[in-house]
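For reference, start26.cif is printed below; it contains mmCIF, C-alpha atoms.
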```
data_input
#
loop_
_atom_site.label_atom_id
_atom_site.label_comp_id
_atom_site.auth_asym_id
_atom_site.auth_seq_id
_atom_site.Cartn_x
_atom_site.Cartn_y
_atom_site.Cartn_z
CA ASN U 1 0.00 0.00 0.00
CA ALA U 2 1.87 3.04 -1.33
CA GLY U 3 -0.41 5.80 0.01
CA VAL U 4 0.79 9.16 -1.34
CA THR U 5 3.84 9.08 -3.59
CA GLN U 6 5.79 12.18 -4.56
CA THR U 7 8.52 12.41 -7.15
CA PRO U 8 11.26 13.48 -7.15
CA LYS U 9 12.52 13.42 -3.54
CA PHE U 10 15.28 15.93 -4.20
CA GLN U 11 15.84 18.47 -6.99
CA VAL U 12 18.23 21.30 -7.72
CA LEU U 13 17.15 23.85 -10.32
CA LYS U 14 18.78 26.90 -11.78
CA THR U 15 16.89 30.17 -11.68
CA GLY U 16 14.50 30.35 -14.62
CA GLN U 17 14.26 26.60 -15.20
CA SER U 18 10.91 24.86 -15.10
CA MET U 19 9.87 21.58 -13.56
CA THR U 20 6.85 19.57 -12.48
CA LEU U 21 6.47 17.87 -9.13
CA GLN U 22 4.38 14.74 -9.36
CA CYS U 23 1.98 13.37 -6.76
CA ALA U 24 -0.15 10.24 -6.91
CA GLN U 25 -2.41 8.59 -4.34
CA ASP U 26 -3.89 5.12 -4.46
CA MET U 27 -6.53 5.57 -1.75
CA ASN U 28 -9.34 6.86 -3.98
CA HIS U 29 -9.41 10.19 -2.10
CA ASN U 30 -11.34 13.10 -3.53
CA SER U 31 -9.24 15.97 -2.20
CA MET U 32 -5.57 16.62 -2.84
CA TYR U 33 -3.25 19.42 -1.70
CA TRP U 34 0.14 20.97 -2.32
CA TYR U 35 1.97 22.69 0.54
CA ARG U 36 5.35 24.27 0.94
CA GLN U 37 7.24 24.30 4.22
CA ASP U 38 9.91 26.82 5.08
CA PRO U 39 11.71 27.05 8.43
CA GLY U 40 9.39 28.47 11.09
CA MET U 41 6.50 28.85 8.63
CA GLY U 42 4.52 25.66 9.10
CA LEU U 43 2.77 24.28 6.05
CA ARG U 44 1.48 26.91 3.64
CA LEU U 45 -1.18 25.88 1.18
CA ILE U 46 -0.25 26.51 -2.44
CA TYR U 47 -3.17 24.94 -4.32
CA TYR U 48 -5.77 22.33 -3.59
CA SER U 49 -8.25 20.23 -5.49
CA ALA U 50 -11.47 19.35 -3.69
CA SER U 51 -12.42 16.85 -6.37
CA GLU U 52 -11.35 15.63 -9.78
CA GLY U 53 -11.65 18.45 -12.30
CA THR U 54 -11.46 21.33 -9.79
CA THR U 55 -8.52 23.32 -8.45
CA ASP U 56 -8.39 26.35 -6.16
CA LYS U 57 -5.72 28.74 -4.96
CA GLY U 58 -4.41 28.55 -1.43
CA GLU U 59 -2.36 31.07 0.54
CA VAL U 60 0.73 31.25 -1.69
CA PRO U 61 -0.19 30.37 -5.32
CA ASN U 62 2.00 32.89 -7.14
CA GLY U 63 4.63 31.28 -9.34
CA TYR U 64 2.90 27.89 -9.41
CA ASN U 65 0.36 26.06 -11.52
CA VAL U 66 -1.39 22.77 -10.87
CA SER U 67 -3.15 20.06 -12.81
CA ARG U 68 -5.56 17.47 -11.42
CA LEU U 69 -4.94 14.98 -14.16
CA ASN U 70 -7.37 12.39 -12.78
CA LYS U 71 -8.54 11.31 -9.35
CA ARG U 72 -5.14 9.80 -8.52
CA GLU U 73 -2.73 12.46 -9.71
CA PHE U 74 -2.16 16.11 -8.80
CA SER U 75 0.91 17.82 -10.21
CA LEU U 76 2.57 21.12 -9.31
CA ARG U 77 4.47 23.08 -11.94
CA LEU U 78 7.05 25.81 -11.52
CA GLU U 79 7.24 27.62 -14.85
CA SER U 80 10.27 29.81 -14.06
CA ALA U 81 11.90 28.83 -10.80
CA ALA U 82 13.15 31.51 -8.41
CA PRO U 83 15.39 31.20 -5.34
CA SER U 84 12.37 32.16 -3.19
CA GLN U 85 10.82 28.84 -4.21
CA THR U 86 13.54 26.89 -2.43
CA SER U 87 11.52 24.84 0.05
CA VAL U 88 10.23 21.44 1.03
CA TYR U 89 7.04 20.60 -0.86
CA PHE U 90 4.44 18.20 0.51
CA CYS U 91 1.54 16.66 -1.31
CA ALA U 92 -1.42 15.36 0.70
CA SER U 93 -4.70 13.62 0.02
CA HIS U 94 -7.87 13.62 2.06
CA PRO U 95 -10.98 11.46 1.76
CA GLY U 96 -13.42 13.82 3.43
CA MET U 97 -14.15 16.44 6.06
CA ASN U 98 -13.74 14.62 9.36
CA THR U 99 -10.96 12.26 8.41
CA GLU U 100 -7.20 12.21 8.32
CA ALA U 101 -5.13 13.76 5.52
CA PHE U 102 -2.24 11.60 4.36
CA PHE U 103 1.09 13.07 3.32
CA GLY U 104 3.75 12.14 0.84
CA GLN U 105 7.38 12.01 1.90
CA GLY U 106 8.15 15.49 0.60
CA THR U 107 10.30 16.97 -2.16
CA ARG U 108 13.30 19.07 -1.22
CA LEU U 109 13.74 21.68 -3.92
CA THR U 110 16.69 24.04 -4.13
CA VAL U 111 16.77 26.85 -6.68
CA VAL U 112 20.20 28.37 -7.24
CA GLN S 1 -4.93 37.86 10.09
CA LYS S 2 -3.74 34.33 9.43
CA GLU S 3 -6.44 31.70 9.19
CA VAL S 4 -4.79 29.47 11.80
CA GLU S 5 -2.50 30.84 14.50
CA GLN S 6 -0.14 29.06 16.85
CA ASN S 7 2.62 30.19 19.17
CA SER S 8 5.86 29.09 17.50
CA GLY S 9 7.56 28.30 20.83
CA PRO S 10 9.68 26.57 21.77
CA LEU S 11 7.57 25.26 24.61
CA SER S 12 9.86 23.59 27.12
CA VAL S 13 8.51 21.13 29.69
CA PRO S 14 10.21 18.57 31.95
CA GLU S 15 9.65 14.87 31.43
CA GLY S 16 6.42 13.73 33.07
CA ALA S 17 4.75 17.15 32.95
CA ILE S 18 1.68 18.20 30.97
CA ALA S 19 2.33 20.08 27.74
CA SER S 20 -0.43 22.42 26.58
CA LEU S 21 -0.50 23.51 22.94
CA ASN S 22 -2.95 26.10 21.67
CA CYS S 23 -4.40 27.13 18.33
CA THR S 24 -6.92 29.76 17.22
CA TYR S 25 -8.66 30.00 13.86
CA SER S 26 -10.49 32.78 12.05
CA ASP S 27 -13.14 31.02 9.95
CA ARG S 28 -16.28 30.46 12.05
CA GLY S 29 -17.53 28.00 9.45
CA SER S 30 -14.65 25.60 10.06
CA GLN S 31 -15.89 22.13 10.77
CA SER S 32 -13.02 19.83 11.65
CA PHE S 33 -9.74 20.32 13.44
CA PHE S 34 -6.57 18.28 13.43
CA TRP S 35 -3.35 17.97 15.38
CA TYR S 36 -0.31 16.67 13.52
CA ARG S 37 3.14 15.92 14.87
CA GLN S 38 6.21 16.47 12.71
CA TYR S 39 9.71 15.33 13.48
CA SER S 40 12.57 17.16 11.81
CA GLY S 41 12.95 16.13 8.18
CA LYS S 42 9.83 13.96 8.22
CA SER S 43 6.27 14.23 6.98
CA PRO S 44 3.49 15.28 9.36
CA GLU S 45 1.64 12.45 11.08
CA LEU S 46 -1.83 12.68 12.58
CA ILE S 47 -2.20 12.62 16.36
CA MET S 48 -5.93 13.16 16.51
CA PHE S 49 -8.83 15.15 15.12
CA ILE S 50 -11.92 16.67 16.69
CA TYR S 51 -15.09 18.18 15.27
CA SER S 52 -17.47 18.51 18.24
CA ASN S 53 -17.20 21.00 21.07
CA GLY S 54 -15.63 19.55 24.19
CA ASP S 55 -12.82 17.13 24.88
CA LYS S 56 -11.61 14.07 23.03
CA GLU S 57 -9.08 11.77 24.66
CA ASP S 58 -6.74 9.23 23.09
CA GLY S 59 -4.15 7.75 25.42
CA ARG S 60 -1.90 10.53 26.71
CA PHE S 61 -3.42 13.07 24.31
CA THR S 62 -6.52 15.20 24.80
CA ALA S 63 -7.87 17.59 22.19
CA GLN S 64 -10.21 20.36 23.31
CA LEU S 65 -12.46 22.37 20.99
CA ASN S 66 -14.38 25.55 21.74
CA LYS S 67 -16.10 26.75 18.57
CA ALA S 68 -17.57 29.84 20.24
CA SER S 69 -14.08 31.05 21.11
CA GLN S 70 -12.58 29.61 17.88
CA TYR S 71 -10.00 27.81 19.91
CA VAL S 72 -8.57 24.29 19.83
CA SER S 73 -5.91 22.87 22.11
CA LEU S 74 -3.88 19.72 22.61
CA LEU S 75 -2.81 18.44 26.02
CA ILE S 76 -0.04 15.87 26.30
CA ARG S 77 0.08 14.17 29.66
CA ASP S 78 3.20 12.49 31.08
CA SER S 79 5.34 14.13 28.40
CA GLN S 80 8.28 12.08 27.15
CA PRO S 81 11.49 13.18 25.41
CA SER S 82 10.20 11.32 22.34
CA ASP S 83 7.32 13.83 22.22
CA SER S 84 9.83 16.54 21.30
CA ALA S 85 8.69 17.65 17.86
CA THR S 86 6.75 20.38 16.09
CA TYR S 87 2.99 20.19 16.57
CA LEU S 88 0.85 21.51 13.74
CA CYS S 89 -2.76 22.56 14.09
CA ALA S 90 -4.89 22.19 10.95
CA VAL S 91 -8.39 23.41 10.22
CA ASN S 92 -10.75 22.18 7.52
CA GLY S 93 -13.11 24.91 6.50
CA GLY S 94 -15.49 25.01 3.59
CA PHE S 95 -14.82 23.38 0.23
CA GLN S 96 -12.28 20.94 1.71
CA LYS S 97 -9.67 23.67 2.20
CA LEU S 98 -7.20 22.32 4.78
CA VAL S 99 -5.09 25.08 6.34
CA PHE S 100 -2.23 24.64 8.79
CA GLY S 101 -0.78 26.90 11.45
CA THR S 102 2.92 27.64 11.71
CA GLY S 103 3.41 24.94 14.33
CA THR S 104 4.63 24.93 17.93
CA ARG S 105 7.97 23.39 18.72
CA LEU S 106 7.84 21.27 21.88
CA LEU S 107 10.97 20.35 23.82
CA VAL S 108 10.68 17.75 26.59
CA SER S 109 13.76 17.58 28.79
CA PRO S 110 14.73 14.38 30.66
#
```
Please render this file's structure as structure tokens.
Amino acid sequence: NAGVTQTPKFQVLKTGQSMTLQCAQDMNHNSMYWYRQDPGMGLRLIYYSASEGTTDKGEVPNGYNVSRLNKREFSLRLESAAPSQTSVYFCASHPGMNTEAFFGQGTRLTVV
Amino acid sequence: QKEVEQNSGPLSVPEGAIASLNCTYSDRGSQSFFWYRQYSGKSPELIMFIYSNGDKEDGRFTAQLNKASQYVSLLIRDSQPSDSATYLCAVNGGFQKLVFGTGTRLLVSP
């Protein structure tokens, strides 16, 4: 049982490069989320998808785009990476309101 | 005003004491509330969730919710050094939006 799988685990980008972070869940959850975590900042919501076919902005969406490809997959794209996007990125999925959200293992992204 | 607020700490308690962690939220329509624990370099893991006013106990942990005051807390009884971690409060408001606070760092000294 894989749960929530994020790829890659580590990535170094140069300023201006683009990349896509992949996330897949095998638990048939409706809702999926992307967060970034910086020291002392907790988890800040970038984008979320309450159900297949819908996406909404969170607290810090600027510089990111997302795609809910199907119920399993929710990808996060950085079109032109900036050093301010250096962070740990977590994907999560959530079956419903009063239940636990499950997290992937995180992606450590460094933009130089 | 942030949607979910926590004191960043660190909160230092001696082994065996009660640790009290607090969280306030701004959206009165929020319906469910979560406490996650995160060790350094790891993913958050759920401790417990609560959605009704009052207390909910699970082993050494008790979550308390007061919707009128928009306040949720976590008590850890008989704190152990292994409880040293960052504790994240999360709130699920409308439309499945799950928002986290900045976390409180707990240090339990032997």
Non-local contacts of Thr107 (chain U) (9 Å; all atoms listed in the file; under 2 positions in same chain excluded) as JSON, numbers by chain: {"U": [6, 7, 8, 9, 10, 11, 21, 87, 88, 89, 90, 91, 104, 105, 109]}
Would you save the residues of that selection, restricted to C-alpha atoms, as a short mmCIF file (atom, residue, chain, number, x, y, z; two decimals), in the coordinates of the input?
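Full text of again06.cif as output:
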```cif
data_model
loop_
_atom_site.label_atom_id
_atom_site.label_comp_id
_atom_site.auth_asym_id
_atom_site.auth_seq_id
_atom_site.Cartn_x
_atom_site.Cartn_y
_atom_site.Cartn_z
CA GLN U 6 5.79 12.18 -4.56
CA THR U 7 8.52 12.41 -7.15
CA PRO U 8 11.26 13.48 -7.15
CA LYS U 9 12.52 13.42 -3.54
CA PHE U 10 15.28 15.93 -4.20
CA GLN U 11 15.84 18.47 -6.99
CA LEU U 21 6.47 17.87 -9.13
CA SER U 87 11.52 24.84 0.05
CA VAL U 88 10.23 21.44 1.03
CA TYR U 89 7.04 20.60 -0.86
CA PHE U 90 4.44 18.20 0.51
CA CYS U 91 1.54 16.66 -1.31
CA GLY U 104 3.75 12.14 0.84
CA GLN U 105 7.38 12.01 1.90
CA LEU U 109 13.74 21.68 -3.92
#
```
What does the distance from CA of Leu46 (chain S) to CA of Ala101 (chain U) come to in Å, to one decimal? 7.9 Å
Result set of the PyMOL selection byres ((chain U) within 6 of (chain S)) on the coordinates above, as a list in words: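 Given this file, the PyMOL selection byres ((chain U) within 6 of (chain S)) evaluates to Met41, Gly42, Leu43, Ala50, Asn98 and Gln105 of chain U.
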Evaluated on this file, the PyMOL selection byres ((chain U and resi 72-75) around 8) picks out some residues - which ones are they, written as a PyMOL selection string? chain U and resi 20-26+28-29+32-33+66-71+76-77
Selected residues written out, C-alpha atoms, as a compact mmCIF listing (two decimals), keeping the file's coordinate frame:
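Wrote it out as part_33.txt, contents follow:
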```txt
# COMPACT_ATOMS: atom_id res chain seq x y z
CA THR U 20 6.85 19.57 -12.48
CA LEU U 21 6.47 17.87 -9.13
CA GLN U 22 4.38 14.74 -9.36
CA CYS U 23 1.98 13.37 -6.76
CA ALA U 24 -0.15 10.24 -6.91
CA GLN U 25 -2.41 8.59 -4.34
CA ASP U 26 -3.89 5.12 -4.46
CA ASN U 28 -9.34 6.86 -3.98
CA HIS U 29 -9.41 10.19 -2.10
CA MET U 32 -5.57 16.62 -2.84
CA TYR U 33 -3.25 19.42 -1.70
CA VAL U 66 -1.39 22.77 -10.87
CA SER U 67 -3.15 20.06 -12.81
CA ARG U 68 -5.56 17.47 -11.42
CA LEU U 69 -4.94 14.98 -14.16
CA ASN U 70 -7.37 12.39 -12.78
CA LYS U 71 -8.54 11.31 -9.35
CA LEU U 76 2.57 21.12 -9.31
CA ARG U 77 4.47 23.08 -11.94
```
Evaluate the PyMOL selection byres ((chain S and resi 55-57) around 12) and record the selected residues as a tab-separated table (two decimals) with C-alpha atoms, in the coordinates of the input, following the chain and residue labels used in the document.
```tsv
chain	number	residue	atom	x	y	z
S	33	PHE	CA	-9.74	20.32	13.44
S	34	PHE	CA	-6.57	18.28	13.43
S	35	TRP	CA	-3.35	17.97	15.38
S	47	ILE	CA	-2.20	12.62	16.36
S	48	MET	CA	-5.93	13.16	16.51
S	49	PHE	CA	-8.83	15.15	15.12
S	50	ILE	CA	-11.92	16.67	16.69
S	51	TYR	CA	-15.09	18.18	15.27
S	52	SER	CA	-17.47	18.51	18.24
S	53	ASN	CA	-17.20	21.00	21.07
S	54	GLY	CA	-15.63	19.55	24.19
S	58	ASP	CA	-6.74	9.23	23.09
S	59	GLY	CA	-4.15	7.75	25.42
S	60	ARG	CA	-1.90	10.53	26.71
S	61	PHE	CA	-3.42	13.07	24.31
S	62	THR	CA	-6.52	15.20	24.80
S	63	ALA	CA	-7.87	17.59	22.19
S	64	GLN	CA	-10.21	20.36	23.31
S	65	LEU	CA	-12.46	22.37	20.99
S	66	ASN	CA	-14.38	25.55	21.74
S	67	LYS	CA	-16.10	26.75	18.57
S	72	VAL	CA	-8.57	24.29	19.83
S	73	SER	CA	-5.91	22.87	22.11
S	74	LEU	CA	-3.88	19.72	22.61
S	75	LEU	CA	-2.81	18.44	26.02
S	76	ILE	CA	-0.04	15.87	26.30
S	77	ARG	CA	0.08	14.17	29.66
```
So that I can check the surroundings of Leu106 (chain S), please list as a PyMOL selection string every protein, DNA and RNA residue that reaches within 8 Å of it, counting all atoms listed in the file and ignoring chain neighbours fewer than 6 positions away. chain S and resi 9-13+83-87
Excluding same-chain residues fewer than 5 positions from Ala17 (chain S), what lies within 10 Å of it counting all atoms listed in the file, as a PyMOL selection string? chain S and resi 76-80+108-109
Quick one: pull the distance between CA of Ile46 (chain U) and CA of Gly63 (chain U), Å, one decimal.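 We find that CA of Ile46 (chain U) and CA of Gly63 (chain U) lie 9.7 Å from each other.
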Length of the CA of Glu5 (chain S) to CA of Thr24 (chain S) vector [Å]: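 Atom-to-atom, CA of Glu5 (chain S) to CA of Thr24 (chain S), that is 5.3 Å.
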